[in-house]
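Dropping coords.txt in here (compact mmCIF, C-alpha atoms):
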# COMPACT_ATOMS: atom_id res chain seq x y z
CA MET U 1 -110.84 -125.02 -76.01
CA THR U 2 -113.07 -125.94 -78.94
CA THR U 3 -115.87 -123.42 -79.45
CA LEU U 4 -119.36 -124.49 -80.47
CA SER U 5 -118.87 -122.85 -83.87
CA GLU U 6 -115.74 -124.96 -84.52
CA ARG U 7 -117.07 -128.29 -83.28
CA ILE U 8 -118.20 -130.89 -85.84
CA SER U 9 -121.21 -132.76 -84.53
CA GLN U 10 -124.20 -134.93 -85.31
CA SER U 11 -126.54 -136.60 -82.83
CA ALA U 12 -129.70 -138.61 -82.44
CA PHE U 13 -129.90 -137.57 -78.79
CA ASP U 14 -130.93 -133.90 -78.87
CA GLY U 15 -134.58 -134.73 -78.19
CA SER U 16 -135.86 -133.15 -81.39
CA ARG U 17 -138.54 -134.57 -83.63
CA LEU U 18 -137.41 -136.45 -86.71
CA ARG U 19 -138.68 -136.04 -90.25
CA VAL U 20 -138.02 -139.04 -92.50
CA VAL U 21 -138.24 -138.68 -96.26
CA LEU U 22 -138.41 -141.83 -98.38
CA LEU U 23 -138.07 -141.46 -102.16
CA LEU U 24 -139.34 -144.38 -104.23
CA ASP U 25 -139.17 -145.28 -107.89
CA LEU U 26 -141.80 -147.88 -108.78
CA TYR U 27 -141.75 -150.49 -111.49
CA ASP U 28 -144.04 -149.71 -114.43
CA GLY U 29 -147.60 -150.76 -113.68
CA ALA U 30 -146.91 -151.47 -110.01
CA GLN U 31 -148.91 -148.57 -108.56
CA ASN U 32 -151.93 -150.59 -107.40
CA GLN U 33 -149.76 -153.29 -105.84
CA PHE U 34 -147.72 -150.60 -104.10
CA LEU U 35 -150.82 -148.91 -102.69
CA GLU U 36 -152.07 -152.19 -101.23
CA VAL U 37 -148.70 -152.84 -99.60
CA TYR U 38 -148.50 -149.27 -98.31
CA GLU U 39 -151.94 -149.42 -96.68
CA HIS U 40 -150.95 -152.56 -94.78
CA LEU U 41 -147.54 -151.11 -93.83
CA GLN U 42 -149.05 -147.81 -92.70
CA LYS U 43 -151.34 -149.60 -90.26
CA GLN U 44 -148.35 -151.37 -88.75
CA VAL U 45 -146.23 -148.22 -88.49
CA SER U 46 -149.03 -146.19 -86.91
CA SER U 47 -148.90 -148.43 -83.83
CA VAL U 48 -145.10 -148.16 -83.41
CA PRO U 49 -144.09 -146.15 -80.29
CA GLY U 50 -142.81 -142.71 -81.29
CA HIS U 51 -144.57 -142.53 -84.67
CA ILE U 52 -146.60 -139.33 -85.12
CA SER U 53 -147.81 -139.16 -88.72
CA ASP U 54 -146.99 -139.84 -92.36
CA GLU U 55 -147.94 -138.65 -95.83
CA LEU U 56 -147.95 -140.39 -99.20
CA CYS U 57 -147.28 -138.25 -102.28
CA GLN U 58 -147.06 -138.97 -106.02
CA SER U 59 -145.00 -136.91 -108.47
CA ILE U 60 -146.96 -134.64 -110.82
CA GLU U 61 -144.15 -134.97 -113.37
CA ASN U 62 -143.37 -138.70 -113.24
CA PRO U 63 -146.16 -140.91 -111.81
CA SER U 64 -143.64 -143.69 -111.13
CA GLN U 65 -141.94 -141.50 -108.50
CA TRP U 66 -143.46 -141.46 -105.03
CA LEU U 67 -142.61 -139.81 -101.74
CA ILE U 68 -143.40 -140.95 -98.19
CA THR U 69 -142.74 -138.53 -95.34
CA SER U 70 -143.12 -139.55 -91.72
CA GLU U 71 -142.70 -137.72 -88.45
CA TRP U 72 -141.35 -139.27 -85.25
CA GLU U 73 -141.06 -138.07 -81.67
CA SER U 74 -137.29 -138.62 -81.73
CA ALA U 75 -134.52 -140.25 -83.73
CA PRO U 76 -133.93 -143.12 -81.25
CA ARG U 77 -137.59 -144.15 -81.56
CA PHE U 78 -137.30 -144.29 -85.35
CA LEU U 79 -133.94 -146.10 -85.31
CA ALA U 80 -135.30 -148.74 -82.92
CA TRP U 81 -138.07 -149.46 -85.44
CA ILE U 82 -136.05 -149.28 -88.64
CA ASN U 83 -133.42 -151.71 -87.28
CA SER U 84 -135.91 -154.23 -85.91
CA GLU U 85 -136.73 -157.66 -87.30
CA GLU U 86 -140.37 -156.54 -87.48
CA HIS U 87 -139.44 -153.75 -89.87
CA VAL U 88 -137.42 -156.11 -92.07
CA ALA U 89 -140.43 -158.39 -92.40
CA SER U 90 -142.95 -155.59 -92.92
CA VAL U 91 -141.13 -153.95 -95.84
CA GLN U 92 -140.40 -157.23 -97.63
CA PRO U 93 -143.52 -156.95 -99.88
CA LEU U 94 -142.33 -153.55 -101.12
CA HIS U 95 -139.40 -155.07 -102.96
CA GLY U 96 -141.68 -156.58 -105.59
CA CYS U 97 -142.99 -153.20 -106.72
CA VAL U 98 -140.21 -150.71 -105.91
CA ARG U 99 -137.25 -150.35 -108.27
CA ASP U 100 -135.18 -148.04 -106.10
CA THR U 101 -135.45 -146.16 -102.79
CA ARG U 102 -133.57 -143.48 -100.93
CA SER U 103 -134.12 -142.61 -97.28
CA LEU U 104 -133.27 -139.23 -95.74
CA ARG U 105 -133.56 -138.34 -92.03
CA PHE U 106 -133.74 -134.79 -90.62
CA SER U 107 -134.08 -133.29 -87.15
CA VAL U 108 -136.73 -130.56 -87.08
CA LEU U 109 -135.00 -127.23 -86.42
CA ARG U 110 -137.73 -124.69 -87.13
CA GLU U 111 -141.43 -124.85 -87.80
CA ILE U 112 -143.41 -122.06 -89.40
CA GLY U 113 -147.17 -122.37 -89.63
CA LYS U 114 -150.51 -121.04 -88.54
CA GLY U 115 -150.83 -120.42 -84.82
CA PRO U 116 -153.79 -119.42 -82.68
CA GLY U 117 -154.51 -116.27 -84.72
CA PRO U 118 -154.75 -115.52 -88.47
CA GLY U 119 -151.35 -115.26 -90.10
CA SER U 120 -149.36 -116.00 -86.95
CA HIS U 121 -146.16 -118.04 -87.20
CA SER U 122 -144.13 -120.15 -84.83
CA THR U 123 -140.45 -121.06 -84.84
CA GLY U 124 -140.34 -122.66 -81.41
CA PRO U 125 -142.25 -124.76 -78.91
CA PRO U 126 -145.91 -123.94 -78.32
CA SER U 127 -146.94 -122.06 -75.19
CA SER U 128 -148.19 -123.99 -72.18
CA SER U 129 -151.74 -122.77 -72.84
CA SER U 130 -151.76 -124.01 -76.44
CA ALA U 131 -150.21 -127.33 -75.39
CA ALA U 132 -152.92 -127.77 -72.78
CA ALA U 133 -155.56 -127.20 -75.44
CA SER U 134 -154.06 -129.95 -77.64
CA PRO U 135 -153.57 -133.01 -75.43
CA ASP U 136 -153.07 -135.68 -78.10
CA ALA U 137 -149.64 -137.20 -78.79
CA ALA U 138 -149.14 -135.41 -82.11
CA ASP U 139 -149.68 -131.96 -80.61
CA ARG U 140 -147.53 -132.72 -77.56
CA ALA U 141 -144.63 -133.63 -79.83
CA ARG U 142 -144.79 -130.36 -81.80
CA GLY U 143 -142.47 -128.55 -79.42
CA ASN U 144 -139.52 -130.94 -79.81
CA LEU U 145 -137.28 -128.86 -82.05
CA GLN U 146 -133.53 -129.05 -82.55
CA VAL U 147 -132.04 -126.32 -80.36
CA ALA U 148 -129.44 -124.99 -82.80
CA PRO U 149 -127.94 -125.92 -86.17
CA ARG U 150 -124.95 -128.22 -86.13
CA ARG U 151 -121.78 -127.85 -88.14
CA GLY U 152 -120.96 -130.78 -90.40
CA ASP U 153 -117.88 -131.87 -92.31
CA GLY U 154 -119.55 -133.39 -95.37
CA VAL U 155 -118.90 -136.95 -94.15
CA VAL U 156 -121.49 -139.69 -93.58
CA ARG U 157 -120.51 -142.31 -91.00
CA HIS U 158 -121.91 -145.82 -90.86
CA ALA U 159 -120.89 -149.27 -89.67
CA LEU U 160 -121.73 -152.90 -90.30
CA THR U 161 -121.36 -155.68 -87.74
CA PHE U 162 -121.62 -159.46 -87.87
CA THR U 163 -120.27 -162.47 -86.02
CA VAL U 164 -118.12 -165.37 -87.22
CA LYS U 165 -117.94 -168.93 -85.95
CA PRO U 166 -115.87 -169.26 -82.76
CA GLY U 167 -112.38 -170.51 -83.60
CA SER U 168 -112.35 -168.90 -87.06
CA GLU U 169 -111.26 -165.47 -85.79
CA PRO U 170 -107.57 -165.73 -86.89
CA VAL U 171 -108.52 -166.79 -90.43
CA VAL U 172 -111.17 -164.07 -90.77
CA ALA U 173 -108.80 -161.42 -89.40
CA GLU U 174 -106.17 -162.40 -91.97
CA LEU U 175 -108.70 -162.22 -94.79
CA LEU U 176 -110.00 -158.83 -93.68
CA ALA U 177 -106.50 -157.42 -93.32
CA GLY U 178 -105.24 -158.63 -96.69
CA TYR U 179 -107.86 -157.63 -99.27
CA THR U 180 -107.17 -155.06 -101.99
CA SER U 181 -108.84 -151.72 -101.36
CA PRO U 182 -111.62 -150.80 -103.83
CA GLN U 183 -111.53 -147.69 -105.98
CA ALA U 184 -112.28 -144.77 -103.63
CA GLN U 185 -113.97 -142.45 -106.14
CA VAL U 186 -117.57 -143.54 -106.71
CA ASP U 187 -118.77 -140.68 -108.92
CA GLU U 188 -118.39 -136.91 -109.22
CA THR U 189 -119.96 -136.27 -105.82
CA THR U 190 -119.27 -139.42 -103.79
CA ARG U 191 -116.00 -140.80 -102.47
CA LEU U 192 -115.09 -143.52 -100.00
CA ARG U 193 -112.96 -141.64 -97.47
CA ARG U 194 -111.96 -144.20 -94.83
CA THR U 195 -112.63 -147.79 -93.79
CA SER U 196 -111.72 -149.10 -90.33
CA LEU U 197 -112.09 -152.79 -89.43
CA PHE U 198 -112.09 -154.07 -85.85
CA MET U 199 -112.77 -157.36 -84.08
CA HIS U 200 -113.83 -158.14 -80.51
CA GLY U 201 -113.96 -161.87 -79.90
CA ASN U 202 -115.91 -163.25 -82.84
CA ARG U 203 -117.64 -159.94 -83.66
CA VAL U 204 -116.50 -157.92 -86.69
CA VAL U 205 -117.20 -154.19 -87.03
CA ARG U 206 -116.54 -152.36 -90.29
CA ALA U 207 -116.82 -148.57 -89.97
CA VAL U 208 -116.87 -146.43 -93.12
CA GLU U 209 -116.67 -142.70 -93.80
CA VAL U 210 -118.17 -141.46 -97.05
CA GLU U 211 -118.20 -138.06 -98.69
CA GLY U 212 -121.47 -137.81 -100.61
CA ASP U 213 -124.13 -140.51 -100.95
CA LEU U 214 -123.69 -143.39 -98.48
CA LEU U 215 -125.98 -145.77 -100.39
CA ALA U 216 -124.16 -145.11 -103.67
CA ALA U 217 -120.82 -145.78 -101.96
CA LEU U 218 -122.02 -149.05 -100.40
CA ARG U 219 -123.37 -150.25 -103.74
CA HIS U 220 -120.12 -149.28 -105.44
CA VAL U 221 -118.02 -151.17 -102.91
CA ALA U 222 -120.24 -154.27 -103.15
CA GLN U 223 -119.73 -154.37 -106.93
CA GLN U 224 -115.91 -154.31 -106.79
CA PRO U 225 -114.29 -157.69 -107.70
CA GLU U 226 -111.79 -157.53 -104.85
CA VAL U 227 -114.57 -156.95 -102.30
CA GLN U 228 -116.75 -159.67 -103.80
CA ALA U 229 -113.83 -162.09 -103.53
CA LEU U 230 -113.33 -161.13 -99.87
CA GLU U 231 -117.02 -161.58 -99.02
CA GLU U 232 -117.04 -164.97 -100.75
CA ALA U 233 -113.95 -166.03 -98.79
CA ILE U 234 -115.45 -165.22 -95.38
CA ASN U 235 -118.90 -166.68 -96.12
CA PRO U 236 -118.04 -170.17 -94.73
CA TYR U 237 -117.04 -168.62 -91.39
CA LEU U 238 -120.17 -166.55 -90.75
CA GLU U 239 -122.50 -167.60 -87.95
CA GLN U 240 -125.49 -166.48 -90.01
CA ASP U 241 -125.67 -167.73 -93.59
CA ARG U 242 -126.04 -165.25 -96.46
CA ASP U 243 -125.98 -165.24 -100.25
CA LEU U 244 -124.93 -161.83 -101.54
CA SER U 245 -125.70 -162.90 -105.12
CA ASP U 246 -129.36 -163.11 -104.13
CA PRO U 247 -130.87 -159.60 -103.74
CA GLY U 248 -133.27 -160.71 -101.01
CA SER U 249 -130.59 -162.43 -98.96
CA ALA U 250 -128.17 -159.52 -99.42
CA ARG U 251 -130.83 -157.01 -98.39
CA MET U 252 -131.62 -159.03 -95.26
CA PHE U 253 -127.93 -159.31 -94.31
CA PHE U 254 -127.16 -155.60 -94.70
CA THR U 255 -130.31 -154.63 -92.80
CA ARG U 256 -129.45 -156.90 -89.89
CA ALA U 257 -125.78 -155.89 -89.96
CA ALA U 258 -126.46 -152.14 -89.97
CA LEU U 259 -124.87 -150.32 -87.02
CA PRO U 260 -125.84 -146.65 -87.47
CA ALA U 261 -123.88 -143.73 -86.09
CA VAL U 262 -126.07 -142.15 -83.40
CA HIS U 263 -123.58 -139.52 -82.25
CA HIS U 264 -120.42 -137.91 -83.60
CA VAL U 265 -118.40 -135.03 -82.25
CA ALA U 266 -114.96 -133.77 -83.25
CA ALA U 267 -112.79 -130.73 -82.83
CA GLY U 268 -112.73 -128.52 -85.91
CA GLY U 269 -109.63 -127.67 -87.92
CA ARG U 270 -106.98 -129.75 -89.63
CA GLU U 271 -106.54 -133.39 -88.69
CA ARG U 272 -103.44 -133.99 -86.57
CA ALA U 273 -100.80 -136.53 -87.57
CA ASP U 274 -100.37 -137.85 -84.01
CA VAL U 275 -103.97 -139.01 -83.67
CA GLY U 276 -104.63 -142.77 -83.52
CA ARG U 277 -107.91 -144.63 -84.05
CA HIS U 278 -109.33 -147.01 -81.45
CA ALA U 279 -112.67 -148.78 -80.91
CA LEU U 280 -114.36 -150.01 -77.76
CA PHE U 281 -117.16 -152.58 -77.55
CA TYR U 282 -119.92 -152.16 -74.96
CA PRO U 283 -122.44 -155.03 -74.68
CA ALA U 284 -125.49 -153.39 -73.09
CA LYS U 285 -128.08 -155.04 -70.91
CA ASP U 286 -131.35 -155.90 -72.59
CA GLY U 287 -133.11 -152.63 -73.43
CA CYS U 288 -130.24 -150.41 -72.23
CA GLY U 289 -128.42 -149.78 -75.53
CA THR U 290 -129.82 -146.29 -76.12
CA ALA U 291 -129.17 -145.17 -72.54
CA LEU U 292 -125.59 -146.46 -72.75
CA ALA U 293 -124.96 -144.73 -76.08
CA ARG U 294 -126.39 -141.49 -74.67
CA LEU U 295 -124.09 -141.71 -71.63
CA LEU U 296 -120.99 -142.10 -73.81
CA ALA U 297 -122.12 -139.31 -76.14
CA GLY U 298 -122.40 -136.88 -73.23
CA GLN U 299 -118.92 -137.79 -72.01
CA ASP U 300 -117.40 -137.14 -75.44
CA GLU U 301 -119.22 -133.83 -75.94
CA ALA U 302 -117.45 -132.54 -72.84
CA ALA U 303 -114.11 -134.19 -73.70
CA VAL U 304 -113.81 -132.54 -77.12
CA ASP U 305 -114.34 -129.11 -75.53
CA ASP U 306 -111.68 -129.75 -72.87
CA PRO U 307 -108.24 -128.42 -73.96
CA THR U 308 -106.52 -131.02 -71.74
CA SER U 309 -108.38 -133.96 -73.28
CA PRO U 310 -106.52 -136.18 -75.79
CA ILE U 311 -109.82 -137.02 -77.56
CA GLU U 312 -110.00 -135.33 -80.96
CA GLY U 313 -113.17 -137.05 -82.11
CA SER U 314 -115.67 -139.74 -81.20
CA THR U 315 -118.38 -141.67 -83.04
CA VAL U 316 -120.90 -143.80 -81.16
CA PHE U 317 -122.58 -146.56 -83.15
CA GLN U 318 -125.60 -148.30 -81.68
CA ARG U 319 -128.11 -150.93 -82.71
CA ASP U 320 -130.37 -152.45 -80.08
CA ASP U 321 -127.98 -153.51 -77.29
CA ILE U 322 -124.77 -153.40 -79.34
CA VAL U 323 -122.77 -150.22 -78.73
CA VAL U 324 -119.40 -149.44 -80.34
CA ARG U 325 -117.46 -146.25 -79.64
CA LEU U 326 -114.82 -145.16 -82.16
CA LEU U 327 -112.19 -142.83 -80.75
CA ASP U 328 -109.62 -140.64 -82.46
CA LEU U 329 -107.19 -139.51 -79.80
CA ARG U 330 -103.64 -138.38 -79.20
CA GLY U 331 -101.28 -140.71 -77.37
CA PRO U 332 -101.97 -144.16 -75.95
CA LEU U 333 -105.48 -145.29 -75.16
CA ASP U 334 -104.65 -146.02 -71.51
CA ALA U 335 -103.05 -142.65 -70.73
CA ARG U 336 -106.35 -141.55 -69.13
CA PRO U 337 -108.26 -144.82 -68.74
CA ALA U 338 -111.46 -143.35 -67.26
CA LEU U 339 -111.74 -140.79 -70.05
CA ALA U 340 -111.02 -143.38 -72.73
CA LEU U 341 -113.65 -145.72 -71.29
CA GLY U 342 -116.18 -142.89 -71.05
CA VAL U 343 -116.53 -142.81 -67.26
CA GLU U 344 -114.39 -139.87 -66.13
CA GLY U 345 -116.25 -138.03 -63.38
CA ASP U 346 -118.16 -138.87 -60.23
CA HIS U 347 -120.35 -141.99 -60.30
CA LYS U 348 -120.09 -142.48 -64.09
CA ALA U 349 -118.32 -145.84 -63.70
CA ALA U 350 -121.19 -147.07 -61.53
CA VAL U 351 -123.75 -145.86 -64.08
CA LEU U 352 -121.89 -147.59 -66.90
CA ALA U 353 -121.70 -150.84 -64.93
CA ARG U 354 -125.47 -150.80 -64.39
CA LEU U 355 -126.03 -150.51 -68.14
CA LEU U 356 -123.54 -153.18 -69.23
CA ASP U 357 -124.40 -156.83 -69.65
CA SER U 358 -121.02 -157.61 -68.07
CA ALA U 359 -121.86 -155.78 -64.84
CA LYS U 360 -121.43 -159.04 -62.93
CA ASP U 361 -117.69 -158.50 -63.33
CA GLY U 362 -117.96 -155.71 -60.76
CA VAL U 363 -117.96 -151.94 -60.81
CA PRO U 364 -114.58 -150.52 -61.92
CA THR U 365 -113.78 -147.79 -59.42
CA THR U 366 -110.02 -147.71 -58.96
CA ASP U 367 -107.64 -146.72 -61.74
CA GLN U 368 -106.35 -150.29 -61.92
CA GLU U 369 -109.86 -151.75 -62.25
CA ILE U 370 -110.81 -149.18 -64.89
CA SER U 371 -107.63 -150.00 -66.84
CA ARG U 372 -108.50 -153.71 -66.84
CA PHE U 373 -112.08 -152.93 -67.84
CA LEU U 374 -110.77 -150.74 -70.68
CA ALA U 375 -108.48 -153.51 -71.90
CA ARG U 376 -111.41 -155.96 -72.02
CA SER U 377 -113.49 -153.46 -74.00
CA GLU U 378 -110.83 -152.52 -76.55
CA MET U 379 -111.39 -153.98 -80.00
CA ARG U 380 -108.53 -155.32 -82.09
CA LEU U 381 -107.69 -153.09 -85.04
CA ILE U 382 -107.52 -155.21 -88.20
CA THR U 383 -107.04 -152.49 -90.79
CA ASP U 384 -107.54 -148.74 -91.09
CA ARG U 385 -107.46 -147.53 -94.68
CA ARG U 386 -107.86 -144.03 -96.07
CA SER U 387 -108.33 -142.95 -99.64
CA PRO U 388 -105.17 -141.60 -101.29
CA VAL U 389 -106.24 -137.96 -100.99
CA GLN U 390 -106.62 -138.34 -97.23
CA ALA U 391 -103.54 -140.46 -96.60
How does the structure come out when it is put into structure tokens?
Amino acid sequence: MTTLSERISQSAFDGSRLRVVLLLDLYDGAQNQFLEVYEHLQKQVSSVPGHISDELCQSIENPSQWLITSEWESAPRFLAWINSEEHVASVQPLHGCVRDTRSLRFSVLREIGKGPGPGSHSTGPPSSSSAAASPDAADRARGNLQVAPRRGDGVVRHALTFTVKPGSEPVVAELLAGYTSPQAQVDETTRLRRTSLFMHGNRVVRAVEVEGDLLAALRHVAQQPEVQALEEAINPYLEQDRDLSDPGSARMFFTRAALPAVHHVAAGGRERADVGRHALFYPAKDGCGTALARLLAGQDEAAVDDPTSPIEGSTVFQRDDIVVRLLDLRGPLDARPALALGVEGDHKAAVLARLLDSAKDGVPTTDQEISRFLARSEMRLITDRRSPVQA
């Protein structure tokens, strides 16, 4: 059995508040333009569900460096906003005055500050009496703290997804399988660890694992000649046009294609040689993506702790109503179909069916039905590449 101290985990579903830190480097002389844009943007963000507050700070050492911190009721609320078309449009004016940005997201674990009396401190939720005395949304959210620290493995997980024109899938799959891998080492602290490419129908999902700075790794990969040649080759087959040579078009594509990791759990210790990588695609009903991702995350939390489970690790990626579950497990995927699909246990298949857009196909209840449902959900592995150190 995997103990809590051994388990590797990250999650957007622990119910804790989220602190977002945005570092900005402005162009010389762009401060006034930036402030005008920020005032307009702040008014928009303040009305977004889940937003609590934000602060704007300027460096006392370098006036071109700015810091925006914002607080949110939960990570899913923030992710729903950051991945929306409204957000893409609202931040567009920033690009004319900001040279570089870096976004960091943190769950709030502890909070130390003044309480009801002089010099008092708090590291947990407020008492019921203090909560009753502070009825506004900001005060109600103060108690949402991460329960316990999580153990990481120094790896950032992220995915991109896009669709290609129907009928072009064989050509695109051949292109994606045949490109030359880019240099894995980005700099002294960042390395591209693993890239896994899958397809489901005409949808492509590219999942990456990075040690260090994700943004630096993505920029590094985009600048490699072999990757640029690949992207140019698949451009004619994309359902949505893009021009990666144009910064605005590239920014729009990568924002829309982002498929963030909302949950990851894995057994600790050395990676086993008999573990294979699989991916499953779950098209959620309108508005049900977060609930579906949460259901799968709960299944995998329990599976990793079960000594009889073949699941060594799981990553759930979700954006709106697109949910992809990446599994690292021992043996064939269909050895325990219900577990592999994420519905092992009473009534879980029925719950999954209610959340899926394909629920009209019927609720998979028997082993045979679950096996067929699993086969329809499985994505085709195009390539799974590790850096030489990991191979």
Sorted by chain and rising residue number, list the residues of stretch 321-391 of chain U at most 9 Å from stretch 292-301 of chain U (counting all atoms listed in the file), each with its closest atom pair and distance in Å to one decimal, as a tab-separated table.
residue	atom	partner	partner_atom	distance
U:Asp321	CA	U:Leu292	CA	8.7
U:Val323	CA	U:Ala293	CA	6.5
U:Val324	CA	U:Ala293	CA	8.4
U:Arg325	CA	U:Leu296	CA	8.0
U:Leu339	CA	U:Gln299	CA	8.0
U:Leu341	CA	U:Leu296	CA	8.6
U:Gly342	CA	U:Leu296	CA	5.6
U:Val343	CA	U:Gln299	CA	7.3
U:Glu344	CA	U:Gln299	CA	7.7
U:Lys348	CA	U:Leu295	CA	8.6
U:Val351	CA	U:Leu295	CA	8.6
U:Leu352	CA	U:Leu292	CA	7.0
U:Leu355	CA	U:Leu292	CA	6.2
U:Leu356	CA	U:Leu292	CA	7.9
I'd like the contact shell of U:Ser64 - 10 Å cut-off, all atoms listed in the file, skipping same-chain residues fewer than 3 positions apart - returned as a VMD selection string. chain U and resid 24 to 31 58 to 61 98 to 99
One decimal, in Å: what's the spacing between atom CA of U:Gly276 and atom CA of U:Thr366?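 Rounded to one decimal, the two atoms are 25.6 Å apart.
If you measure from each of U:Ile52, U:Cys97, U:Leu215, U:Leu374 to U:Ala349 using all atoms listed in the file, the closest one turns out to be U:Leu374.
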Work out how far atom CA of U:Arg256 is from atom CA of U:Asp54, in Å to one decimal.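 A separation of 24.6 Å between them.
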For atom CA of U:Glu188 and atom CA of U:Ala217, determine how far apart the two atoms are, in Å to one decimal place.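 These two atoms are separated by 11.7 Å.
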